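Note: the block below is input03.txt and it holds compact mmCIF, C-alpha atoms.
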```txt
# COMPACT_ATOMS: atom_id res chain seq x y z
CA MET A 1334 84.80 115.66 -1.00
CA ARG A 1335 86.78 117.29 1.79
CA GLN A 1336 90.51 117.22 2.43
CA LEU A 1337 90.31 116.24 6.09
CA ILE A 1338 87.88 114.88 8.67
CA ILE A 1339 88.83 114.83 12.36
CA ILE A 1340 86.91 112.50 14.68
CA GLY A 1341 87.19 113.76 18.24
CA SER A 1342 87.17 117.11 20.01
CA GLY A 1343 89.57 116.75 22.92
CA PRO A 1344 92.99 118.41 23.08
CA ALA A 1345 94.29 116.18 20.27
CA GLY A 1346 91.33 116.73 17.93
CA TYR A 1347 91.11 120.48 18.42
CA THR A 1348 94.88 120.99 18.16
CA ALA A 1349 94.91 119.00 14.93
CA ALA A 1350 92.05 121.19 13.73
CA ILE A 1351 93.92 124.40 14.61
CA TYR A 1352 97.02 123.35 12.66
CA ALA A 1353 95.04 121.92 9.74
CA ALA A 1354 92.82 124.99 9.48
CA ARG A 1355 95.85 127.29 9.47
CA ALA A 1356 97.18 125.18 6.59
CA ASN A 1357 93.94 125.87 4.66
CA LEU A 1358 92.83 122.23 4.81
CA ASN A 1359 89.31 123.27 5.94
CA PRO A 1360 88.92 120.39 8.41
CA LEU A 1361 85.57 119.03 9.50
CA VAL A 1362 85.59 118.14 13.22
CA ILE A 1363 83.06 115.58 14.40
CA ALA A 1364 82.75 116.66 18.03
CA SER A 1365 80.11 114.21 19.36
CA SER A 1366 76.57 115.11 20.35
CA VAL A 1367 77.00 114.51 24.10
CA GLU A 1368 80.75 114.33 24.80
CA ALA A 1369 82.12 117.30 22.88
CA GLY A 1370 85.38 118.52 24.38
CA GLY A 1371 86.51 115.13 25.62
CA GLU A 1372 87.44 114.11 29.16
CA LEU A 1373 88.60 117.61 30.16
CA MET A 1374 84.95 118.66 30.16
CA ASN A 1375 84.66 116.52 33.31
CA THR A 1376 87.76 117.98 34.96
CA THR A 1377 87.93 120.77 37.48
CA GLU A 1378 91.03 122.97 37.63
CA VAL A 1379 93.86 122.15 35.22
CA GLU A 1380 97.12 123.39 36.73
CA ASN A 1381 99.71 121.81 34.44
CA PHE A 1382 98.74 123.02 30.98
CA PRO A 1383 101.41 125.51 29.79
CA GLY A 1384 100.35 129.11 29.49
CA PHE A 1385 97.95 129.20 32.44
CA PRO A 1386 100.04 129.96 35.55
CA GLU A 1387 96.92 130.39 37.69
CA GLY A 1388 95.31 127.24 36.31
CA ILE A 1389 92.21 126.94 34.15
CA MET A 1390 89.01 124.95 34.41
CA GLY A 1391 88.89 121.99 32.03
CA PRO A 1392 85.72 123.11 30.17
CA ASP A 1393 87.15 126.63 29.78
CA LEU A 1394 90.33 125.24 28.23
CA MET A 1395 88.37 123.16 25.72
CA THR A 1396 86.16 126.12 24.83
CA LYS A 1397 89.23 128.20 24.07
CA MET A 1398 90.67 125.42 21.89
CA GLN A 1399 87.40 125.14 19.99
CA GLN A 1400 87.22 128.90 19.45
CA GLN A 1401 90.78 128.93 18.20
CA ALA A 1402 90.07 126.14 15.71
CA GLU A 1403 86.93 127.91 14.46
CA ARG A 1404 88.80 131.19 14.17
CA PHE A 1405 91.00 129.64 11.49
CA GLY A 1406 88.11 128.03 9.62
CA ALA A 1407 87.52 124.60 11.15
CA GLU A 1408 83.92 123.42 10.91
CA ILE A 1409 82.49 121.75 14.02
CA VAL A 1410 79.62 119.24 13.83
CA TYR A 1411 77.94 118.03 17.02
CA ASP A 1412 77.02 114.49 16.05
CA ASP A 1413 78.26 110.96 16.67
CA VAL A 1414 80.11 108.76 14.21
CA VAL A 1415 78.37 105.39 13.86
CA SER A 1416 80.63 103.83 11.22
CA VAL A 1417 83.71 104.50 9.13
CA ASP A 1418 84.87 103.08 5.80
CA LEU A 1419 88.64 103.33 5.52
CA ASP A 1420 89.10 101.27 2.35
CA GLY A 1421 90.17 103.10 -0.78
CA PRO A 1422 91.46 106.63 -1.22
CA ALA A 1423 88.29 108.28 0.11
CA LYS A 1424 87.71 107.86 3.84
CA LYS A 1425 83.98 107.79 4.57
CA VAL A 1426 82.22 108.66 7.82
CA VAL A 1427 78.55 108.02 8.63
CA LEU A 1428 76.93 110.04 11.44
CA GLY A 1429 74.04 109.26 13.74
CA SER A 1430 71.89 111.75 11.83
CA GLY A 1431 72.43 109.74 8.65
CA ALA A 1432 74.73 112.32 7.12
CA GLU A 1433 77.76 110.99 5.26
CA HIS A 1434 81.08 112.75 4.72
CA SER A 1435 84.16 111.79 2.72
CA ALA A 1436 87.71 113.09 2.82
CA ASP A 1437 91.17 112.38 1.45
CA ALA A 1438 92.50 112.00 5.00
CA LEU A 1439 91.11 111.24 8.43
CA VAL A 1440 92.45 111.89 11.93
CA TYR A 1441 91.12 109.51 14.58
CA ALA A 1442 91.29 111.27 17.96
CA THR A 1443 88.47 109.70 19.95
CA GLY A 1444 90.30 109.65 23.28
CA SER A 1445 89.37 107.20 26.02
CA ALA A 1446 86.36 106.25 28.15
CA PRO A 1447 86.15 105.71 31.92
CA ARG A 1448 86.91 102.13 32.95
CA LYS A 1449 84.21 100.32 34.92
CA LEU A 1450 84.55 98.05 37.91
CA GLY A 1451 82.53 95.29 36.27
CA ILE A 1452 80.79 94.21 39.47
CA GLU A 1453 77.26 93.50 40.65
CA GLY A 1454 75.14 96.60 41.08
CA GLU A 1455 77.36 98.93 39.07
CA SER A 1456 75.31 99.09 35.89
CA ARG A 1457 71.97 98.82 37.71
CA LEU A 1458 72.78 101.77 39.96
CA SER A 1459 74.61 103.89 37.40
CA GLY A 1460 73.10 107.36 37.70
CA ARG A 1461 71.52 106.34 41.00
CA GLY A 1462 74.56 106.81 43.15
CA VAL A 1463 77.22 105.31 40.88
CA SER A 1464 79.06 107.98 38.90
CA TYR A 1465 82.18 108.40 36.79
CA CYS A 1466 82.25 112.20 36.88
CA ALA A 1467 82.65 114.21 40.07
CA THR A 1468 82.14 117.58 38.38
CA CYS A 1469 78.94 116.30 36.78
CA ASP A 1470 77.34 114.76 39.85
CA GLY A 1471 79.12 116.08 42.94
CA PHE A 1472 76.42 118.67 43.63
CA PHE A 1473 73.86 115.90 44.26
CA PHE A 1474 75.83 114.58 47.23
CA ARG A 1475 75.76 117.56 49.56
CA GLU A 1476 76.30 116.46 53.16
CA ARG A 1477 76.37 112.81 52.07
CA THR A 1478 78.90 110.05 52.65
CA ILE A 1479 80.52 108.84 49.44
CA ALA A 1480 83.51 106.86 48.19
CA VAL A 1481 85.99 107.32 45.38
CA VAL A 1482 87.61 104.19 43.95
CA GLY A 1483 91.17 104.44 42.61
CA GLY A 1484 94.70 105.44 43.48
CA GLY A 1485 95.90 107.70 40.68
CA ASP A 1486 95.81 111.46 40.13
CA SER A 1487 92.27 111.32 38.75
CA ALA A 1488 90.96 109.53 41.83
CA LEU A 1489 92.61 111.97 44.23
CA GLU A 1490 91.46 114.95 42.21
CA GLU A 1491 87.89 113.61 42.31
CA ALA A 1492 88.08 112.93 46.04
CA THR A 1493 89.44 116.40 46.81
CA PHE A 1494 86.81 118.07 44.63
CA LEU A 1495 83.98 116.08 46.21
CA THR A 1496 84.89 117.34 49.68
CA LYS A 1497 83.29 120.62 48.61
CA PHE A 1498 79.93 118.85 48.79
CA ALA A 1499 80.14 115.61 50.76
CA SER A 1500 80.46 115.38 54.52
CA LYS A 1501 82.77 112.36 54.21
CA VAL A 1502 84.79 110.91 51.33
CA TYR A 1503 86.34 107.45 51.55
CA LEU A 1504 89.17 106.84 49.10
CA ILE A 1505 89.21 103.10 48.42
CA HIS A 1506 92.38 101.59 46.99
CA ARG A 1507 93.30 97.95 46.49
CA ARG A 1508 96.94 98.45 47.51
CA ASP A 1509 98.80 99.99 50.45
CA GLU A 1510 100.25 102.89 48.47
CA LEU A 1511 98.95 105.30 45.86
CA ARG A 1512 100.07 105.83 42.26
CA ALA A 1513 99.18 109.51 42.32
CA SER A 1514 101.71 112.32 42.15
CA LYS A 1515 103.22 113.57 45.39
CA ILE A 1516 101.39 116.90 45.32
CA MET A 1517 98.01 115.22 44.86
CA GLN A 1518 98.73 112.82 47.72
CA GLU A 1519 99.73 115.67 50.03
CA ARG A 1520 96.47 117.47 49.33
CA ALA A 1521 94.40 114.37 50.00
CA PHE A 1522 96.24 113.46 53.21
CA ALA A 1523 95.81 117.00 54.51
CA ASN A 1524 92.05 117.03 53.91
CA ASP A 1525 90.11 116.12 57.05
CA LYS A 1526 87.12 114.93 55.03
CA ILE A 1527 89.08 112.24 53.18
CA GLU A 1528 89.71 108.86 54.78
CA LEU A 1529 91.94 106.30 53.06
CA VAL A 1530 90.71 102.71 52.91
CA TRP A 1531 93.78 100.63 52.06
CA ASN A 1532 94.07 97.11 50.63
CA SER A 1533 90.40 96.97 49.76
CA ALA A 1534 88.43 96.15 46.62
CA ILE A 1535 84.72 96.74 46.04
CA VAL A 1536 83.09 93.41 45.16
CA ASP A 1537 79.46 94.55 45.26
CA ILE A 1538 77.45 97.76 45.28
CA VAL A 1539 74.39 97.56 47.51
CA GLY A 1540 71.00 99.21 47.06
CA GLU A 1541 67.64 98.78 45.34
CA ASP A 1542 66.74 102.14 43.82
CA ALA A 1543 69.87 103.98 45.00
CA VAL A 1544 73.28 103.19 46.44
CA THR A 1545 73.18 102.40 50.15
CA GLY A 1546 76.64 100.87 50.53
CA VAL A 1547 79.39 98.68 49.15
CA VAL A 1548 80.86 95.31 50.05
CA LEU A 1549 84.64 95.52 50.52
CA GLU A 1550 87.03 92.62 50.26
CA ASP A 1551 90.40 92.84 51.99
CA THR A 1552 93.05 92.16 49.32
CA VAL A 1553 95.40 90.72 51.97
CA ASP A 1554 93.31 88.29 53.99
CA GLY A 1555 90.15 88.03 51.86
CA SER A 1556 87.76 89.11 54.63
CA ARG A 1557 84.66 91.09 53.69
CA ARG A 1558 82.72 93.91 55.29
CA GLU A 1559 80.00 96.35 54.28
CA LEU A 1560 80.55 100.10 54.21
CA THR A 1561 77.48 102.34 54.32
CA LEU A 1562 77.52 104.97 51.57
CA ASP A 1563 75.28 107.26 49.55
CA GLY A 1564 77.39 107.24 46.40
CA VAL A 1565 80.35 105.68 44.61
CA PHE A 1566 82.60 107.55 42.18
CA VAL A 1567 84.71 105.26 40.00
CA ALA A 1568 88.12 106.63 38.94
CA ILE A 1569 90.21 103.58 38.04
CA GLY A 1570 91.44 104.63 34.62
CA ASN A 1571 90.28 104.77 31.05
CA ASP A 1572 90.14 102.57 27.96
CA PRO A 1573 90.84 103.85 24.43
CA ARG A 1574 87.76 104.39 22.28
CA THR A 1575 88.63 102.08 19.40
CA HIS A 1576 85.25 100.44 18.75
CA LEU A 1577 84.83 102.19 15.39
CA VAL A 1578 88.10 100.82 13.99
CA HIS A 1579 88.20 97.24 15.27
CA GLY A 1580 89.30 95.10 12.35
CA LYS A 1581 90.06 98.21 10.31
CA LEU A 1582 93.19 99.57 11.99
CA ASP A 1583 95.98 97.66 13.71
CA LEU A 1584 95.91 97.90 17.50
CA THR A 1585 98.68 97.48 20.06
CA ALA A 1586 98.82 94.95 22.89
CA GLU A 1587 97.49 97.70 25.18
CA GLY A 1588 94.45 98.15 22.93
CA THR A 1589 95.46 101.54 21.56
CA VAL A 1590 95.65 102.36 17.86
CA TRP A 1591 99.04 101.43 16.43
CA VAL A 1592 101.05 104.23 14.87
CA ASP A 1593 104.40 104.18 13.09
CA GLY A 1594 107.03 105.28 15.61
CA ARG A 1595 106.69 108.89 16.68
CA SER A 1596 104.40 109.66 13.75
CA SER A 1597 100.59 109.55 13.68
CA ARG A 1598 100.46 107.22 10.67
CA THR A 1599 98.28 104.17 11.25
CA SER A 1600 98.26 100.88 9.36
CA VAL A 1601 95.98 102.40 6.69
CA PRO A 1602 97.36 105.09 4.35
CA GLY A 1603 95.52 108.36 4.77
CA VAL A 1604 94.34 107.54 8.28
CA PHE A 1605 96.12 109.15 11.22
CA ALA A 1606 95.57 108.87 14.97
CA ALA A 1607 96.33 111.15 17.90
CA GLY A 1608 95.80 111.65 21.61
CA ASP A 1609 94.85 109.15 24.29
CA VAL A 1610 93.60 106.66 21.70
CA ILE A 1611 97.27 105.98 20.84
CA ASP A 1612 98.80 106.67 24.26
CA PRO A 1613 98.57 104.04 27.05
CA THR A 1614 101.28 105.71 29.14
CA TYR A 1615 101.20 109.48 29.57
CA ARG A 1616 97.59 110.47 28.88
CA GLN A 1617 98.02 114.16 29.60
CA ALA A 1618 96.22 117.06 27.95
CA VAL A 1619 99.52 118.59 26.82
CA THR A 1620 100.84 115.34 25.30
CA ALA A 1621 97.50 114.85 23.53
CA ALA A 1622 97.75 118.37 22.13
CA GLY A 1623 101.29 117.68 20.90
CA SER A 1624 100.05 114.47 19.33
CA GLY A 1625 97.35 116.44 17.51
CA THR A 1626 100.06 118.71 16.14
CA VAL A 1627 101.95 115.70 14.80
CA ALA A 1628 98.78 114.38 13.16
CA ALA A 1629 98.03 117.65 11.39
CA LEU A 1630 101.58 117.93 10.06
CA ASP A 1631 101.51 114.31 8.90
CA VAL A 1632 98.20 114.94 7.15
CA GLU A 1633 99.58 118.04 5.45
CA HIS A 1634 102.55 115.99 4.28
CA TYR A 1635 100.31 113.18 3.04
CA LEU A 1636 97.96 115.45 1.12
CA ALA A 1637 100.87 117.25 -0.51
CA GLY A 1638 102.03 113.88 -1.84
CA LEU A 1639 98.71 112.86 -3.38
CA GLY A 1640 98.79 112.49 -7.14
CA GLU A 1641 96.06 113.44 -9.56
CA ALA A 1642 94.47 110.02 -9.14
CA GLY A 1643 94.09 110.62 -5.42
CA VAL A 1644 96.79 108.19 -4.32
CA PRO A 1645 100.15 109.03 -2.76
CA ASP A 1646 102.99 109.78 -5.18
CA ALA A 1647 105.41 108.42 -2.58
CA THR A 1648 105.27 106.06 0.32
CA ALA A 1649 105.63 107.37 3.84
CA ASP A 1650 109.18 106.01 3.96
CA GLN A 1651 110.10 108.03 0.87
CA ILE A 1652 108.87 111.31 2.27
CA GLU A 1653 111.53 113.14 4.21
CA GLY A 1654 111.50 116.20 6.43
CA LEU A 1655 108.65 118.12 8.01
CA PRO A 1656 106.78 121.18 6.78
CA ALA A 1657 107.90 124.51 8.19
CA VAL A 1658 105.94 125.87 11.13
```
Encoded form using structure tokens:
Amino acid sequence: MRQLIIIGSGPAGYTAAIYAARANLNPLVIASSVEAGGELMNTTEVENFPGFPEGIMGPDLMTKMQQQAERFGAEIVYDDVVSVDLDGPAKKVVLGSGAEHSADALVYATGSAPRKLGIEGESRLSGRGVSYCATCDGFFFRERTIAVVGGGDSALEEATFLTKFASKVYLIHRRDELRASKIMQERAFANDKIELVWNSAIVDIVGEDAVTGVVLEDTVDGSRRELTLDGVFVAIGNDPRTHLVHGKLDLTAEGTVWVDGRSSRTSVPGVFAAGDVIDPTYRQAVTAAGSGTVAALDVEHYLAGLGEAGVPDATADQIEGLPAV
């Protein structure tokens, strides 16, 4: 049996792995078979991660984190977790391959998944003009007319990136002002290829075998019109990936995994959580990385308190201080 299993390979998972590996906990990182590296693998240039004054591409940043974790002895497995058993002192994980692993402690750092519009045509035309990843699919829309749905930083980043390929990019937002940061708004407003479509919501995506347009509803007067398009990129936020722990860990009103204060301790002893799966507010790569640090230190503390029988000698409230770094 291992000391630690980490589920997730985004900034939180890999940072937890770096710290845990340096503490000789020999962590096993379940990195997913198709989504290894987390959401940053679908991001273009990251300009706000400390230490990279010229910026760094999202996939490059995740590759460096992975290499750093492996340098200190973390083991990476590219498979998907299909179930977890969190009862008892041994935390058990079953993978899609059928392999089973057990550990004294588990860090749940599964991140979040793109939120869907939930409208007619979306699922049917997914991969046929409907996309959730500009860096994945932007190339296929050279000299095409497309739309990005959303009003936050992610939506504006996607829209700006897509202007490298598309001839026209509509940015569709249901309000009359954007949530995005000032610098992202300035870039979008200055781009001649981007046209803002205010106070509008997509109520249908049109097309048989591929997207040919969308039906827009005015959020002020309720009128509808059709906009001809070749593609729709959805960037309206993300939902925490908690499906594996429903009924097993306490969740918050926002749907994230509950943790005790500023710690990573969940409602089950020996199970810790980090990253976007516990954060409904900030959802930044750097805050996720910091959260992974907290998880690794909490795990180290927890394992140090295990008695010979494999149960904690002290409760979390009785343990004071943090290990030296």
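Take the candidates A:Phe1605, A:Phe1474, A:Phe1498, A:Tyr1615 and check each one against A:Tyr1635 using all atoms listed in the file; the shortest distance goes to A:Phe1605.
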Distance table requested - stretch 1557-1601 of chain A against stretch 1403-1422 of chain A, cut-off 10 Å, all atoms listed in the file: one row per qualifying residue with the closest atom pair and its distance in Å to one decimal, ordered by chain and rising residue number, as JSON lines.
```
{"residue": "A:His1576", "atom": "CA", "partner": "A:Ser1416", "partner_atom": "CA", "distance": 9.5}
{"residue": "A:Leu1577", "atom": "CA", "partner": "A:Ser1416", "partner_atom": "CA", "distance": 6.1}
{"residue": "A:Val1578", "atom": "CA", "partner": "A:Val1417", "partner_atom": "CA", "distance": 7.5}
{"residue": "A:Lys1581", "atom": "CA", "partner": "A:Leu1419", "partner_atom": "CA", "distance": 7.2}
{"residue": "A:Leu1582", "atom": "CA", "partner": "A:Leu1419", "partner_atom": "CA", "distance": 8.8}
{"residue": "A:Val1601", "atom": "CA", "partner": "A:Leu1419", "partner_atom": "CA", "distance": 7.5}
```
Writer output for current selection, C-alpha atoms, as a PDB file, in the frame of the given file:
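File produced: part_8.pdb:
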```pdb
ATOM      1  CA  HIS A1576      85.250 100.440  18.750  1.00  0.00           C
ATOM      2  CA  LEU A1577      84.830 102.190  15.390  1.00  0.00           C
ATOM      3  CA  VAL A1578      88.100 100.820  13.990  1.00  0.00           C
ATOM      4  CA  LYS A1581      90.060  98.210  10.310  1.00  0.00           C
ATOM      5  CA  LEU A1582      93.190  99.570  11.990  1.00  0.00           C
ATOM      6  CA  VAL A1601      95.980 102.400   6.690  1.00  0.00           C
TER       7      VAL A1601
END
```
Please provide the set of residues having any atom within 12 Å of stretch 1505-1511 of chain A, restricted to only C-alpha atoms, with same-chain residues fewer than 2 positions apart removed, written as an MDAnalysis selection string. chainID A and resid 1479:1489 1492 1502:1503 1513:1519 1521:1522 1527:1536 1547:1553 1555 1560 1565:1569
Write the residues of the selection above to a file with C-alpha atoms, as a CSV table (one decimal), in the frame of the given file.
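Saved result, out-v4.csv, follows:
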```
chain,number,residue,atom,x,y,z
A,1479,ILE,CA,80.5,108.8,49.4
A,1480,ALA,CA,83.5,106.9,48.2
A,1481,VAL,CA,86.0,107.3,45.4
A,1482,VAL,CA,87.6,104.2,44.0
A,1483,GLY,CA,91.2,104.4,42.6
A,1484,GLY,CA,94.7,105.4,43.5
A,1485,GLY,CA,95.9,107.7,40.7
A,1486,ASP,CA,95.8,111.5,40.1
A,1487,SER,CA,92.3,111.3,38.8
A,1488,ALA,CA,91.0,109.5,41.8
A,1489,LEU,CA,92.6,112.0,44.2
A,1492,ALA,CA,88.1,112.9,46.0
A,1502,VAL,CA,84.8,110.9,51.3
A,1503,TYR,CA,86.3,107.4,51.6
A,1513,ALA,CA,99.2,109.5,42.3
A,1514,SER,CA,101.7,112.3,42.2
A,1515,LYS,CA,103.2,113.6,45.4
A,1516,ILE,CA,101.4,116.9,45.3
A,1517,MET,CA,98.0,115.2,44.9
A,1518,GLN,CA,98.7,112.8,47.7
A,1519,GLU,CA,99.7,115.7,50.0
A,1521,ALA,CA,94.4,114.4,50.0
A,1522,PHE,CA,96.2,113.5,53.2
A,1527,ILE,CA,89.1,112.2,53.2
A,1528,GLU,CA,89.7,108.9,54.8
A,1529,LEU,CA,91.9,106.3,53.1
A,1530,VAL,CA,90.7,102.7,52.9
A,1531,TRP,CA,93.8,100.6,52.1
A,1532,ASN,CA,94.1,97.1,50.6
A,1533,SER,CA,90.4,97.0,49.8
A,1534,ALA,CA,88.4,96.2,46.6
A,1535,ILE,CA,84.7,96.7,46.0
A,1536,VAL,CA,83.1,93.4,45.2
A,1547,VAL,CA,79.4,98.7,49.2
A,1548,VAL,CA,80.9,95.3,50.0
A,1549,LEU,CA,84.6,95.5,50.5
A,1550,GLU,CA,87.0,92.6,50.3
A,1551,ASP,CA,90.4,92.8,52.0
A,1552,THR,CA,93.0,92.2,49.3
A,1553,VAL,CA,95.4,90.7,52.0
A,1555,GLY,CA,90.2,88.0,51.9
A,1560,LEU,CA,80.6,100.1,54.2
A,1565,VAL,CA,80.4,105.7,44.6
A,1566,PHE,CA,82.6,107.6,42.2
A,1567,VAL,CA,84.7,105.3,40.0
A,1568,ALA,CA,88.1,106.6,38.9
A,1569,ILE,CA,90.2,103.6,38.0
```
Measuring atom to atom with all atoms listed in the file, identify which of A:Ile1339, A:Asp1563, A:Lys1449, A:Gly1429 is nearest to A:Arg1475.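 Of A:Ile1339, A:Asp1563, A:Lys1449, A:Gly1429, the one nearest A:Arg1475, counting all atoms listed in the file, is A:Asp1563.
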Kindly provide, as an mmCIF file with C-alpha atoms, in the frame of the given file, the polymer residues lying within 10 Å of (99.9, 120.3, 25.0), counting only C-alpha atoms and using the coordinates exactly as they appear in the file.
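Below you can see result13.cif, which holds the result:
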```
data_model
loop_
_atom_site.group_PDB
_atom_site.id
_atom_site.type_symbol
_atom_site.label_atom_id
_atom_site.label_comp_id
_atom_site.auth_asym_id
_atom_site.auth_seq_id
_atom_site.Cartn_x
_atom_site.Cartn_y
_atom_site.Cartn_z
ATOM 1 C CA PRO A 1344 92.990 118.410 23.080
ATOM 2 C CA ALA A 1345 94.290 116.180 20.270
ATOM 3 C CA THR A 1348 94.880 120.990 18.160
ATOM 4 C CA ASN A 1381 99.710 121.810 34.440
ATOM 5 C CA PHE A 1382 98.740 123.020 30.980
ATOM 6 C CA PRO A 1383 101.410 125.510 29.790
ATOM 7 C CA GLY A 1384 100.350 129.110 29.490
ATOM 8 C CA GLN A 1617 98.020 114.160 29.600
ATOM 9 C CA ALA A 1618 96.220 117.060 27.950
ATOM 10 C CA VAL A 1619 99.520 118.590 26.820
ATOM 11 C CA THR A 1620 100.840 115.340 25.300
ATOM 12 C CA ALA A 1621 97.500 114.850 23.530
ATOM 13 C CA ALA A 1622 97.750 118.370 22.130
ATOM 14 C CA GLY A 1623 101.290 117.680 20.900
ATOM 15 C CA SER A 1624 100.050 114.470 19.330
ATOM 16 C CA GLY A 1625 97.350 116.440 17.510
ATOM 17 C CA THR A 1626 100.060 118.710 16.140
#
```
Between A:Val1590, A:Val1463, A:Ile1452, A:Val1610, which has the minimum distance to A:Ala1543 (counting only C-alpha atoms)?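 Of A:Val1590, A:Val1463, A:Ile1452, A:Val1610, the one nearest A:Ala1543 is A:Val1463, counting only C-alpha atoms.
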Skip stretch 1399-1402 of chain A itself and residues of its chain fewer than 5 positions away, then list as a ChimeraX atom specification all residues within 9 Å of it, counting only C-alpha atoms. /A:1342,1347-1355,1370,1394,1407-1409
What's the separation between atom CA of A:Leu1337 and atom CA of A:Val1440, in Å to one decimal place?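 A separation of 7.6 Å between them.
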